[in-house]
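Colleague: Dropping in coords-v8.cif, which is mmCIF, C-alpha atoms:
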```cif
data_run
loop_
_atom_site.label_atom_id
_atom_site.label_comp_id
_atom_site.auth_asym_id
_atom_site.auth_seq_id
_atom_site.Cartn_x
_atom_site.Cartn_y
_atom_site.Cartn_z
CA MET R 637 -3.12 103.01 7.54
CA ASP R 638 -4.48 106.25 8.98
CA SER R 639 -3.06 105.34 12.41
CA CYS R 640 0.32 104.47 10.91
CA VAL R 641 0.64 107.76 9.04
CA THR R 642 -0.53 109.58 12.18
CA ALA R 643 2.28 107.84 14.11
CA ALA R 644 4.73 108.83 11.38
CA ILE R 645 3.67 112.45 11.80
CA ALA R 646 3.70 112.32 15.61
CA GLN R 647 7.19 110.83 15.84
CA GLN R 648 8.61 113.89 14.14
CA ASN R 649 8.03 115.87 17.34
CA TYR R 650 7.23 113.38 20.11
CA ARG R 651 8.54 110.21 21.65
CA LEU R 652 5.90 107.60 20.87
CA ALA R 653 3.91 105.39 23.21
CA LEU R 654 1.56 103.24 21.14
CA LEU R 655 -1.90 102.03 22.14
CA HIS R 656 -3.70 99.19 20.41
CA ALA R 657 -7.39 98.35 20.77
CA SER R 658 -8.67 94.80 20.49
CA TYR R 659 -12.43 95.11 20.55
CA GLY R 660 -13.71 91.94 18.99
CA GLN R 661 -13.42 93.27 15.44
CA ARG R 662 -13.34 90.56 12.78
CA THR R 663 -9.71 91.30 11.93
CA GLU R 664 -8.56 91.69 15.52
CA ARG R 665 -5.64 89.25 15.22
CA ARG R 666 -4.33 90.81 12.01
CA GLU R 667 -4.61 94.36 13.32
CA ARG R 668 -2.71 93.35 16.43
CA LYS R 669 0.08 92.02 14.23
CA SER R 670 0.16 95.29 12.29
CA PHE R 671 0.38 97.18 15.57
CA GLU R 672 3.40 95.21 16.72
CA ASP R 673 5.05 95.43 13.28
CA ILE R 674 4.63 99.20 13.16
CA ALA R 675 5.82 99.60 16.78
CA ASP R 676 8.89 97.49 15.88
CA PHE R 677 9.50 99.66 12.82
CA TYR R 678 9.60 102.80 14.96
CA GLY R 679 11.46 101.10 17.82
CA VAL R 680 8.72 101.89 20.33
CA HIS R 681 9.05 100.20 23.72
CA GLU R 682 6.00 101.71 25.40
CA ARG R 683 3.09 99.69 24.05
CA LEU R 684 -0.32 99.10 25.56
CA VAL R 685 -2.81 96.59 24.22
CA VAL R 686 -6.28 97.14 25.65
CA ARG R 687 -9.14 94.69 25.33
CA PHE R 688 -12.67 96.08 25.04
CA ASP R 689 -15.12 93.24 25.61
CA ILE R 690 -18.20 95.42 25.56
CA PHE R 691 -18.63 95.61 21.78
CA GLY R 692 -18.81 91.85 21.49
CA GLN R 693 -21.25 91.84 24.41
CA ILE R 694 -23.66 94.42 23.02
CA GLY R 695 -23.36 93.79 19.25
CA GLY R 696 -25.01 96.29 16.97
CA SER R 697 -22.20 96.68 14.42
CA ALA R 698 -21.13 94.68 11.38
CA LEU R 699 -17.54 94.86 12.63
CA THR R 700 -18.20 93.11 15.93
CA ASP R 701 -21.51 91.28 15.48
CA PRO R 702 -21.29 88.04 13.44
CA GLY R 703 -25.02 88.39 12.75
CA ILE R 704 -24.57 91.57 10.69
CA ALA R 705 -22.79 91.24 7.34
CA VAL R 706 -20.04 93.60 6.23
CA PRO R 707 -21.39 95.41 3.13
CA GLU R 708 -19.38 94.82 -0.03
CA SER R 709 -20.93 97.23 -2.48
CA GLY R 710 -22.47 100.06 -0.52
CA ASN R 711 -22.37 103.69 -1.46
CA SER R 712 -19.55 104.51 0.91
CA LEU R 713 -17.47 106.09 -1.84
CA ALA R 714 -20.26 108.54 -2.55
CA PRO R 715 -21.02 111.27 -0.01
CA HIS R 716 -22.75 109.44 2.82
CA ALA R 717 -26.31 110.18 3.72
CA GLU R 718 -26.50 107.85 6.68
CA ILE R 719 -24.31 106.07 9.20
CA PRO R 720 -23.06 102.70 7.84
CA VAL R 721 -23.70 99.39 9.64
CA THR R 722 -19.97 99.18 10.26
CA TYR R 723 -20.36 102.02 12.78
CA VAL R 724 -19.44 100.69 16.24
CA PRO R 725 -21.57 102.63 18.73
CA PHE R 726 -19.48 105.37 20.36
CA ARG R 727 -16.33 103.34 19.76
CA ASN R 728 -13.73 106.08 19.66
CA ALA R 729 -14.72 107.39 23.10
CA HIS R 730 -13.52 104.08 24.54
CA PHE R 731 -10.20 104.39 22.70
CA LEU R 732 -9.74 108.01 23.72
CA SER R 733 -10.63 107.24 27.34
CA ALA R 734 -7.99 104.51 27.41
CA ALA R 735 -5.47 106.89 25.84
CA VAL R 736 -6.23 109.64 28.36
CA SER R 737 -6.00 107.30 31.37
CA TRP R 738 -2.67 106.02 30.12
CA ALA R 739 -1.40 109.47 29.15
CA GLU R 740 -2.25 110.86 32.58
CA THR R 741 -0.46 107.95 34.25
CA ILE R 742 2.76 108.13 32.20
CA GLY R 743 2.74 111.93 31.82
CA ALA R 744 2.19 112.09 28.05
CA SER R 745 1.34 115.51 26.68
CA ALA R 746 -0.63 114.64 23.55
CA ILE R 747 -2.86 111.95 22.12
CA PHE R 748 -2.65 111.41 18.38
CA ILE R 749 -5.51 109.59 16.66
CA GLY R 750 -5.87 108.80 12.96
CA ALA R 751 -9.49 109.84 12.51
CA VAL R 752 -10.50 110.87 8.99
CA ALA R 753 -13.60 113.00 8.56
CA GLU R 754 -14.69 113.66 5.02
CA ASP R 755 -13.06 111.18 2.70
CA SER R 756 -14.04 108.19 4.80
CA SER R 757 -16.95 106.18 6.07
CA GLY R 758 -19.11 108.85 7.67
CA TYR R 759 -18.80 107.89 11.34
CA PRO R 760 -19.94 110.62 13.74
CA ASP R 761 -16.96 110.03 16.03
CA CYS R 762 -14.46 110.90 13.27
CA ARG R 763 -15.39 114.58 12.87
CA PRO R 764 -13.41 117.58 14.20
CA GLU R 765 -16.36 118.77 16.34
CA TYR R 766 -16.26 115.47 18.18
CA TYR R 767 -12.58 115.84 19.09
CA GLN R 768 -13.08 119.46 20.16
CA ALA R 769 -15.82 118.29 22.51
CA PHE R 770 -13.68 115.46 23.84
CA ALA R 771 -10.79 117.85 24.50
CA GLU R 772 -13.11 119.73 26.85
CA VAL R 773 -13.95 116.47 28.67
CA ILE R 774 -10.21 115.88 29.14
CA ARG R 775 -9.74 119.37 30.58
CA GLU R 776 -12.65 118.88 32.99
CA GLY R 777 -12.06 115.24 33.88
CA THR R 778 -8.36 114.99 34.72
CA ARG R 779 -6.13 116.40 37.45
CA PRO R 780 -5.89 120.22 37.37
CA GLU R 781 -2.18 120.02 36.51
CA THR R 782 -2.75 117.53 33.67
CA ARG R 783 -2.47 118.96 30.14
CA ILE R 784 -3.23 116.52 27.36
CA GLU R 785 -4.12 117.73 23.89
CA ILE R 786 -5.78 115.70 21.16
CA ALA R 787 -4.13 115.84 17.75
CA THR R 788 -5.88 114.62 14.60
CA PRO R 789 -3.32 115.41 11.89
CA VAL R 790 -5.00 113.47 9.07
CA ILE R 791 -8.62 114.35 9.87
CA ALA R 792 -9.03 116.77 6.94
CA MET R 793 -6.91 114.86 4.44
CA ARG R 794 -8.21 112.91 1.50
CA LYS R 795 -7.21 109.25 1.70
CA SER R 796 -4.86 109.65 -1.26
CA GLU R 797 -3.16 112.50 0.56
CA ILE R 798 -2.67 110.23 3.58
CA VAL R 799 -1.02 107.61 1.37
CA ARG R 800 1.24 110.22 -0.23
CA ARG R 801 2.15 111.76 3.11
CA GLY R 802 2.92 108.32 4.52
CA ALA R 803 5.16 107.53 1.57
CA GLU R 804 7.00 110.86 1.95
CA LEU R 805 7.62 110.16 5.63
CA GLY R 806 8.78 106.62 4.96
CA ALA R 807 5.89 105.14 6.94
CA PRO R 808 5.62 101.33 6.70
CA LEU R 809 2.30 101.28 4.81
CA GLY R 810 2.88 97.66 3.80
CA ARG R 811 2.62 96.69 7.48
CA THR R 812 -0.83 98.25 7.92
CA TRP R 813 -4.23 96.57 7.61
CA SER R 814 -7.53 98.07 6.51
CA CYS R 815 -9.83 95.19 5.53
CA TYR R 816 -12.95 94.87 7.68
CA GLN R 817 -13.51 91.22 6.82
CA PHE R 818 -10.48 88.98 6.53
CA ASP R 819 -7.12 88.68 8.20
CA ASP R 820 -5.11 86.56 5.77
CA ALA R 821 -5.57 88.55 2.58
CA ALA R 822 -7.72 91.66 2.22
CA CYS R 823 -11.12 91.22 0.55
CA GLY R 824 -10.74 94.22 -1.74
CA THR R 825 -14.50 94.75 -1.70
CA CYS R 826 -15.52 96.09 1.73
CA ASP R 827 -15.81 99.86 2.22
CA SER R 828 -12.47 100.07 3.93
CA CYS R 829 -10.62 98.12 1.20
CA ARG R 830 -12.25 100.16 -1.54
CA LEU R 831 -11.31 103.45 0.13
CA ARG R 832 -7.75 102.19 0.53
CA LEU R 833 -7.42 100.94 -3.04
CA ARG R 834 -8.82 104.15 -4.47
CA ALA R 835 -6.38 106.13 -2.31
CA PHE R 836 -3.32 104.25 -3.58
CA ASP R 837 -4.65 104.50 -7.11
CA GLU R 838 -5.12 108.28 -6.88
CA ALA R 839 -1.72 108.65 -5.25
CA GLY R 840 -0.15 106.67 -8.08
CA LEU R 841 1.45 104.28 -5.62
CA HIS R 842 1.53 100.51 -5.23
CA ASP R 843 -0.27 98.88 -2.28
CA ALA R 844 2.02 96.07 -1.09
CA ILE R 845 -0.48 94.09 1.02
CA ALA R 846 -2.07 90.86 -0.20
CA TYR R 847 -5.60 90.85 -1.65
CA ARG R 848 -7.83 87.82 -2.15
CA VAL R 849 -9.01 88.92 -5.56
CA PRO R 850 -7.10 90.61 -8.37
CA VAL R 851 -7.58 94.32 -7.84
CA ALA R 852 -6.87 97.23 -10.14
CA ARG R 853 -3.70 98.89 -8.84
CA MET L 178 -24.72 103.77 47.81
CA ASP L 179 -24.77 106.75 45.47
CA SER L 180 -25.46 104.47 42.50
CA CYS L 181 -28.23 102.68 44.36
CA VAL L 182 -30.03 105.88 45.32
CA THR L 183 -29.56 107.11 41.74
CA ALA L 184 -31.23 103.91 40.52
CA ALA L 185 -34.04 104.43 43.03
CA ILE L 186 -34.62 107.91 41.61
CA ALA L 187 -34.35 106.77 37.97
CA GLN L 188 -36.84 103.94 38.36
CA GLN L 189 -39.56 106.43 39.27
CA ASN L 190 -39.67 107.55 35.63
CA TYR L 191 -37.72 105.03 33.58
CA ARG L 192 -37.45 101.32 32.99
CA LEU L 193 -34.00 100.38 34.28
CA ALA L 194 -31.13 98.70 32.50
CA LEU L 195 -28.20 98.38 34.90
CA LEU L 196 -24.52 98.54 34.05
CA HIS L 197 -21.78 97.32 36.36
CA ALA L 198 -18.08 98.07 36.03
CA SER L 199 -15.43 95.62 37.15
CA TYR L 200 -12.16 97.48 36.78
CA GLY L 201 -9.73 95.68 39.04
CA GLN L 202 -10.77 97.64 42.11
CA ARG L 203 -9.86 95.96 45.39
CA THR L 204 -13.51 95.28 46.25
CA GLU L 205 -14.52 94.20 42.75
CA ARG L 206 -16.11 90.91 43.83
CA ARG L 207 -18.15 92.54 46.59
CA GLU L 208 -19.34 95.39 44.40
CA ARG L 209 -20.43 92.89 41.78
CA LYS L 210 -22.51 91.12 44.41
CA SER L 211 -24.09 94.43 45.43
CA PHE L 212 -24.89 95.11 41.79
CA GLU L 213 -26.71 91.81 41.39
CA ASP L 214 -28.50 92.21 44.73
CA ILE L 215 -29.74 95.67 43.82
CA ALA L 216 -30.76 94.57 40.33
CA ASP L 217 -32.68 91.68 41.91
CA PHE L 218 -34.35 94.09 44.33
CA TYR L 219 -35.65 96.21 41.45
CA GLY L 220 -36.43 93.20 39.26
CA VAL L 221 -34.14 94.39 36.48
CA HIS L 222 -33.53 91.90 33.68
CA GLU L 223 -31.32 94.05 31.49
CA ARG L 224 -27.90 93.90 33.13
CA LEU L 225 -24.49 94.43 31.62
CA VAL L 226 -21.24 93.69 33.44
CA VAL L 227 -18.27 95.26 31.71
CA ARG L 228 -14.66 94.45 32.49
CA PHE L 229 -12.09 97.23 32.19
CA ASP L 230 -8.64 95.66 32.24
CA ILE L 231 -6.79 98.87 31.53
CA PHE L 232 -6.71 100.22 35.09
CA GLY L 233 -4.95 97.11 36.35
CA GLN L 234 -2.57 97.37 33.39
CA ILE L 235 -1.58 100.99 33.91
CA GLY L 236 -1.80 101.31 37.70
CA GLY L 237 -1.51 104.78 39.16
CA SER L 238 -4.38 104.60 41.68
CA ALA L 239 -4.68 103.20 45.19
CA LEU L 240 -7.93 101.51 44.16
CA THR L 241 -6.38 99.40 41.40
CA ASP L 242 -2.63 99.34 42.13
CA PRO L 243 -1.57 96.98 44.95
CA GLY L 244 1.61 99.06 45.31
CA ILE L 245 -0.30 102.16 46.48
CA ALA L 246 -1.96 102.00 49.91
CA VAL L 247 -5.52 103.16 50.53
CA PRO L 248 -5.27 106.12 52.96
CA GLU L 249 -7.01 105.60 56.28
CA SER L 250 -6.78 108.99 57.90
CA GLY L 251 -6.52 111.54 55.13
CA ASN L 252 -8.20 114.89 55.09
CA SER L 253 -10.96 113.80 52.79
CA LEU L 254 -13.65 115.02 55.15
CA ALA L 255 -12.22 118.50 55.00
CA PRO L 256 -12.55 120.52 51.80
CA HIS L 257 -10.03 118.93 49.46
CA ALA L 258 -7.07 120.88 48.15
CA GLU L 259 -5.70 118.15 45.94
CA ILE L 260 -6.76 114.99 44.13
CA PRO L 261 -6.57 111.91 46.40
CA VAL L 262 -4.47 108.84 45.49
CA THR L 263 -7.71 106.89 45.18
CA TYR L 264 -8.41 108.87 41.98
CA VAL L 265 -8.47 106.41 39.06
CA PRO L 266 -7.24 108.35 36.01
CA PHE L 267 -10.18 109.40 33.85
CA ARG L 268 -12.20 106.47 35.14
CA ASN L 269 -15.71 107.76 34.68
CA ALA L 270 -15.17 108.40 30.97
CA HIS L 271 -14.77 104.64 30.53
CA PHE L 272 -18.00 103.99 32.42
CA LEU L 273 -19.90 106.65 30.51
CA SER L 274 -18.54 105.41 27.17
CA ALA L 275 -19.76 101.91 27.99
CA ALA L 276 -23.13 103.30 29.01
CA VAL L 277 -23.47 105.34 25.82
CA SER L 278 -22.50 102.42 23.55
CA TRP L 279 -25.05 100.22 25.29
CA ALA L 280 -27.71 102.94 25.40
CA GLU L 281 -27.34 103.59 21.68
CA THR L 282 -27.61 99.86 20.95
CA ILE L 283 -30.71 99.20 23.08
CA GLY L 284 -32.33 102.58 22.43
CA ALA L 285 -32.13 103.95 25.97
CA SER L 286 -32.91 107.64 26.34
CA ALA L 287 -30.96 108.54 29.46
CA ILE L 288 -27.87 107.53 31.42
CA PHE L 289 -28.05 107.97 35.17
CA ILE L 290 -24.82 108.08 37.14
CA GLY L 291 -24.38 108.53 40.89
CA ALA L 292 -21.58 111.07 40.83
CA VAL L 293 -21.33 113.32 43.89
CA ALA L 294 -19.46 116.61 43.56
CA GLU L 295 -18.97 118.57 46.73
CA ASP L 296 -19.51 116.34 49.70
CA SER L 297 -17.22 113.62 48.41
CA SER L 298 -13.65 112.78 47.55
CA GLY L 299 -12.76 115.59 45.17
CA TYR L 300 -12.40 113.67 41.93
CA PRO L 301 -12.40 115.88 38.83
CA ASP L 302 -14.71 113.51 36.95
CA CYS L 303 -17.48 113.92 39.50
CA ARG L 304 -18.26 117.60 38.88
CA PRO L 305 -21.23 119.00 36.93
CA GLU L 306 -18.95 120.72 34.37
CA TYR L 307 -17.52 117.34 33.49
CA TYR L 308 -20.95 115.87 32.74
CA GLN L 309 -21.97 118.92 30.71
CA ALA L 310 -18.85 118.45 28.59
CA PHE L 311 -19.51 114.74 28.20
CA ALA L 312 -23.09 115.41 27.10
CA GLU L 313 -21.66 117.39 24.19
CA VAL L 314 -19.41 114.46 23.25
CA ILE L 315 -22.51 112.24 23.18
CA ARG L 316 -24.33 114.67 20.90
CA GLU L 317 -21.35 114.86 18.53
CA GLY L 318 -20.27 111.23 18.68
CA THR L 319 -23.45 109.20 18.17
CA ARG L 320 -25.88 108.76 15.30
CA PRO L 321 -27.74 111.97 14.38
CA GLU L 322 -31.06 110.44 15.48
CA THR L 323 -29.66 109.28 18.84
CA ARG L 324 -30.75 111.32 21.86
CA ILE L 325 -29.19 110.27 25.15
CA GLU L 326 -29.11 112.60 28.11
CA ILE L 327 -26.90 112.29 31.17
CA ALA L 328 -28.65 112.60 34.52
CA THR L 329 -26.75 113.13 37.77
CA PRO L 330 -29.57 113.44 40.32
CA VAL L 331 -27.39 113.21 43.45
CA ILE L 332 -24.45 115.31 42.23
CA ALA L 333 -25.28 118.33 44.38
CA MET L 334 -26.55 116.45 47.44
CA ARG L 335 -24.72 116.08 50.71
CA LYS L 336 -24.02 112.44 51.51
CA SER L 337 -26.50 112.56 54.40
CA GLU L 338 -29.15 113.82 51.99
CA ILE L 339 -28.42 110.85 49.71
CA VAL L 340 -28.96 108.47 52.64
CA ARG L 341 -32.20 110.19 53.61
CA ARG L 342 -33.46 110.26 50.04
CA GLY L 343 -32.60 106.59 49.64
CA ALA L 344 -34.47 105.72 52.82
CA GLU L 345 -37.53 107.71 51.70
CA LEU L 346 -37.57 105.88 48.40
CA GLY L 347 -37.15 102.49 50.03
CA ALA L 348 -33.78 101.92 48.34
CA PRO L 349 -31.93 98.80 49.55
CA LEU L 350 -29.04 100.66 51.19
CA GLY L 351 -28.07 97.56 53.14
CA ARG L 352 -27.21 95.87 49.83
CA THR L 353 -24.73 98.56 48.82
CA TRP L 354 -20.96 98.63 49.35
CA SER L 355 -18.68 101.64 49.81
CA CYS L 356 -15.43 100.38 51.38
CA TYR L 357 -12.36 100.87 49.20
CA GLN L 358 -10.33 98.16 50.97
CA PHE L 359 -12.15 95.02 52.01
CA ASP L 360 -14.95 92.89 50.70
CA ASP L 361 -16.01 90.81 53.70
CA ALA L 362 -16.65 93.59 56.22
CA ALA L 363 -16.05 97.30 55.62
CA CYS L 364 -12.89 98.79 57.15
CA GLY L 365 -14.65 101.84 58.59
CA THR L 366 -11.49 103.89 58.18
CA CYS L 367 -10.91 104.58 54.48
CA ASP L 368 -12.22 107.83 52.99
CA SER L 369 -15.23 106.15 51.50
CA CYS L 370 -16.23 104.38 54.73
CA ARG L 371 -15.81 107.55 56.75
CA LEU L 372 -17.94 109.57 54.33
CA ARG L 373 -20.58 106.87 54.48
CA LEU L 374 -20.58 106.59 58.27
CA ARG L 375 -20.78 110.33 58.70
CA ALA L 376 -23.67 110.44 56.25
CA PHE L 377 -25.72 107.84 58.14
CA ASP L 378 -24.83 109.55 61.40
CA GLU L 379 -26.00 112.96 60.16
CA ALA L 380 -29.12 111.41 58.69
CA GLY L 381 -29.87 109.75 62.03
CA LEU L 382 -30.18 106.37 60.37
CA HIS L 383 -28.63 102.97 60.99
CA ASP L 384 -26.13 101.54 58.49
CA ALA L 385 -26.92 97.83 58.22
CA ILE L 386 -23.71 96.63 56.57
CA ALA L 387 -20.95 94.82 58.49
CA TYR L 388 -17.87 96.69 59.70
CA ARG L 389 -14.58 95.16 60.85
CA VAL L 390 -14.19 97.51 63.77
CA PRO L 391 -16.81 98.91 66.12
CA VAL L 392 -17.93 102.19 64.58
CA ALA L 393 -19.94 104.99 66.07
CA ARG L 394 -23.45 104.68 64.66
#
```
Give the structure from this file in structure tokens form.

Modeller:
Amino acid sequence: MDSCVTAAIAQQNYRLALLHASYGQRTERRERKSFEDIADFYGVHERLVVRFDIFGQIGGSALTDPGIAVPESGNSLAPHAEIPVTYVPFRNAHFLSAAVSWAETIGASAIFIGAVAEDSSGYPDCRPEYYQAFAEVIREGTRPETRIEIATPVIAMRKSEIVRRGAELGAPLGRTWSCYQFDDAACGTCDSCRLRLRAFDEAGLHDAIAYRVPVAR
Amino acid sequence: MDSCVTAAIAQQNYRLALLHASYGQRTERRERKSFEDIADFYGVHERLVVRFDIFGQIGGSALTDPGIAVPESGNSLAPHAEIPVTYVPFRNAHFLSAAVSWAETIGASAIFIGAVAEDSSGYPDCRPEYYQAFAEVIREGTRPETRIEIATPVIAMRKSEIVRRGAELGAPLGRTWSCYQFDDAACGTCDSCRLRLRAFDEAGLHDAIAYRVPVAR
């Protein structure tokens, strides 16, 4: 959802090239479908699907390690004191690295990423300071003539604001996927589902995706 | 060679865990063999081989794109005015990201990488400034309790100094591979071979690996 609204914002001023990451997450297949559906919606021809095998190899996260359960009633909706078990170690650096390599090759001028800092799950690699630091790595680590900026247009938004903004821009929110656990119908109980449901509720909008259990909406 | 000497330096003070990158480089198979040989030499059990498909997908470098020839008589041994075609866009960020994800998962305290700045091929992601910037990304993008430093012990060495240091430390230089082109015997003519041969020559040491053509040594 955050990525989709970020794409909706980016396409106002840029021609899109869309990157998808398959990294062994439980809902990999479903997220891939969402990626293609959203790319179809925006008529994007330049698409890159990158596989990251490493997370399945090293484990350590509930999203990629079958031995670690996805929490269903944590305190993620309260301010977060510690990093959740759904944190995938240093994940976004892999995604950004892929985006930079591709951007440098095709001559793209900006990388948009749908990171959300405050009103989200408390991952260290979703904060503005992290993207400022990574921008410096891009400046130092690419050709001298390469200029690629990182844009995080939804990073400071509340989730409900992201939903509202997406609706205003006509973004295909019904084609997005947020559930950490299942890929047929969303569980409605994992952190990501609960953040999504609360966001639609606060925005006063209907969430069109299928849920396994009846949810208040 | 640079990685091997870096490992030789690291193992003086650390227990090693070795990471290998297969990224569609022309000599992938041979480099993988060197990796296993060197890991065997140091008796390292913790090994991780990571595949990076993206470079083959996006092309743009002579090392990973069959449509771009590896230069055999460039000016790489002179101070470099521009980035060579063997530059793989933003490559080292992928390697470092893999290393950080693994380090955070297994609790490693340092990442050693054999980048060489001056006396090498002029890649932007081999300079000290780049590693300083990446260290900041690690601080910002991992768990608050995670402390992982980046060490680049050979970054300021001349290539001949790396050879000498390796020899002093008893590093298995004959198990390393540098050629960009071939994986049976080294070409002796690509930038990487010529830097290596000059380094052994200046160090007054014999290079034990096989070359396709008679080389001065």

Colleague: Return as a ChimeraX atom specification the residues belonging to chain L that are within 6 Å of chain R, counting all atoms listed in the file.

Modeller: /L:237,266-267,270-271,274,278,282,301-302,307,310-311,314,317-319

Colleague: For this file, the PyMOL selection byres ((chain L and resi 328) around 9) selects which residues, as a PyMOL selection string?

Modeller: chain L and resi 187+287-291+308+326-327+329-330

Colleague: What's around Cys829 of chain R at 10 Å? Count only C-alpha atoms, leave out sequence neighbours fewer than 3 positions away in its own chain, and write the answer as a PyMOL selection string.

Modeller: chain R and resi 708+813-817+822-826+832-835+847

Colleague: Identify, on the basis of all atoms listed in the file, every residue whose closest approach to Val641 of chain R does not exceed 8 Å; exclude the query and any residue fewer than 2 positions from it along the same chain; express the result as an mmCIF file with C-alpha atoms, keeping the file's coordinate frame.

Modeller:
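What follows is the written file result_12.cif:
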```cif
data_model
loop_
_atom_site.group_PDB
_atom_site.id
_atom_site.type_symbol
_atom_site.label_atom_id
_atom_site.label_comp_id
_atom_site.auth_asym_id
_atom_site.auth_seq_id
_atom_site.Cartn_x
_atom_site.Cartn_y
_atom_site.Cartn_z
ATOM 1 C CA MET R 637 -3.120 103.010 7.540
ATOM 2 C CA ASP R 638 -4.480 106.250 8.980
ATOM 3 C CA SER R 639 -3.060 105.340 12.410
ATOM 4 C CA ALA R 643 2.280 107.840 14.110
ATOM 5 C CA ALA R 644 4.730 108.830 11.380
ATOM 6 C CA ILE R 645 3.670 112.450 11.800
ATOM 7 C CA GLY R 750 -5.870 108.800 12.960
ATOM 8 C CA ILE R 798 -2.670 110.230 3.580
ATOM 9 C CA VAL R 799 -1.020 107.610 1.370
ATOM 10 C CA ARG R 801 2.150 111.760 3.110
ATOM 11 C CA GLY R 802 2.920 108.320 4.520
ATOM 12 C CA ALA R 807 5.890 105.140 6.940
ATOM 13 C CA LEU R 809 2.300 101.280 4.810
#
```

Colleague: If you measure from atom CA of Gln661 of chain R to atom CA of Val849 of chain R, what distance in Å do you get, rounded to one decimal?

Modeller: 21.9 Å

Colleague: Applied to this file, what does the PyMOL selection byres ((chain L and resi 385) around 8) return in terms of residues, put as number ranges by chain?

Modeller: L: 350-351, 383-384, 386-387

Colleague: Kindly indicate which residue among R:Leu654, R:Pro720, R:Gly660, R:Leu805 lies nearest to Pro702 of chain R, using all atoms listed in the file for the distances.

Modeller: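 Checking each candidate against Pro702 of chain R, we get R:Gly660 as the closest.
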